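> One structure coming up, written as structure tokens, with questions to follow.
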Amino acid sequence: MSRQWVGSLLTGLVVVPVVMLVAVPVGYFVFMYGCGEAEDRLTEAIAGDPVLDARPAGAGKEQPYDGCDDDDLFVYAGTDYSYHAPRQSVLGHYEETARANGWRPRATSEDGAAADCFVKRIDGTTAYLTVDGPDNGKVQVSITADRAGSEWC
């Protein structure tokens, strides 16, 4: 009887660590890791913001994108397009367009130039709108947000 008890104990001492080292991480990645419904909803909400469709006159064809980072659970949506005008022209356009769509400037440059980062509550979290470019004739307008409350600009 005692050998049977010792055998069961040894089996338990081997099985429990294996389960803890293998099954628990596998279960996490299968059932909990990555973007889920909440992130999909937030991605859809930010991708639908009208500021992403409001390109300045003379802008080229847009290339929209959106997605979610499975590791950090931040979501993003934006558009790239060609544009051959000074940066102040782009920033001035988006400062006006962003304000008209409920965005607040996050910061302005020291010389008082238009902001290139704006904030707004979308789907219960703070979203960040950034304007980059034109660099080599390309402008990127993007919105990034996460439920953890990270600051993106």
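Please note that chains go A, B, ... in the order of the structure tokens, that every chain numbers its residues from 1, and that ligands are numbered from 1 in the order shown.
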Give me the residues within 6 Å of Gly137 in chain A as a VMD selection string, counting only C-alpha atoms and dropping any in the same chain fewer than 6 places off.
chain A and resid 82 to 84
> Would you mind telling me which residue in A:Ala127, A:Ala85, A:Ala45, A:Val75 lies nearest to Gly58 in chain A when using only C-alpha atoms?
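Closest to Gly58 in chain A of all the choices is A:Ala85.
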> Name the closest residue to Asp40 in chain A among the candidates A:Val139, A:Pro86, A:Asp123, A:Gly60; distances are taken between atoms, counting only C-alpha atoms.
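For Asp40 in chain A, the nearest of the candidates is A:Asp123.
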> May I ask for the distance between CA of Gly67 in chain A and CA of Gln140 in chain A, given in Å to one decimal place?
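Between CA of Gly67 in chain A and CA of Gln140 in chain A the gap is 15.3 Å.
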> Contacts of Gly92 in chain A at 12 Å or less, counting only C-alpha atoms, minus same-chain residues fewer than 3 places along, as a list in words?
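Result of the neighbour search: Arg55, Pro56, Ala85, Pro86, Arg87, Gln88, Ser89, Glu95, Glu96, Thr97, Ala98, Arg99, Pro105, Thr108, Gly112, Ala113, Ala114, Ala115, Asp116, Cys117 and Val131 of chain A.
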> Could you write out that same residue set with C-alpha atoms as a compact mmCIF listing (two decimals), in the first residue's frame?

```
# COMPACT_ATOMS: atom_id res chain seq x y z
CA ARG A 55 -7.70 65.43 -46.57
CA PRO A 56 -6.55 68.86 -47.68
CA ALA A 85 2.86 71.49 -49.78
CA PRO A 86 4.59 72.96 -46.74
CA ARG A 87 4.16 71.28 -43.35
CA GLN A 88 2.37 74.34 -41.96
CA SER A 89 -0.29 73.90 -44.65
CA GLU A 95 -5.90 71.82 -36.67
CA GLU A 96 -9.11 73.22 -38.18
CA THR A 97 -10.52 69.81 -39.14
CA ALA A 98 -9.64 68.18 -35.83
CA ARG A 99 -11.26 70.93 -33.77
CA PRO A 105 -4.78 70.15 -29.42
CA THR A 108 1.78 73.39 -29.95
CA GLY A 112 2.98 78.96 -31.74
CA ALA A 113 2.63 76.91 -34.93
CA ALA A 114 -0.30 74.56 -35.37
CA ALA A 115 -0.43 71.41 -33.25
CA ASP A 116 0.45 68.01 -34.69
CA CYS A 117 -1.18 65.99 -31.88
CA VAL A 131 -0.10 64.25 -38.17
```
> Rounded to one decimal, what separation in Å do you get between CA of Glu151 in chain A and CA of Tyr128 in chain A?
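Computing it gives 7.7 Å between the two atoms.
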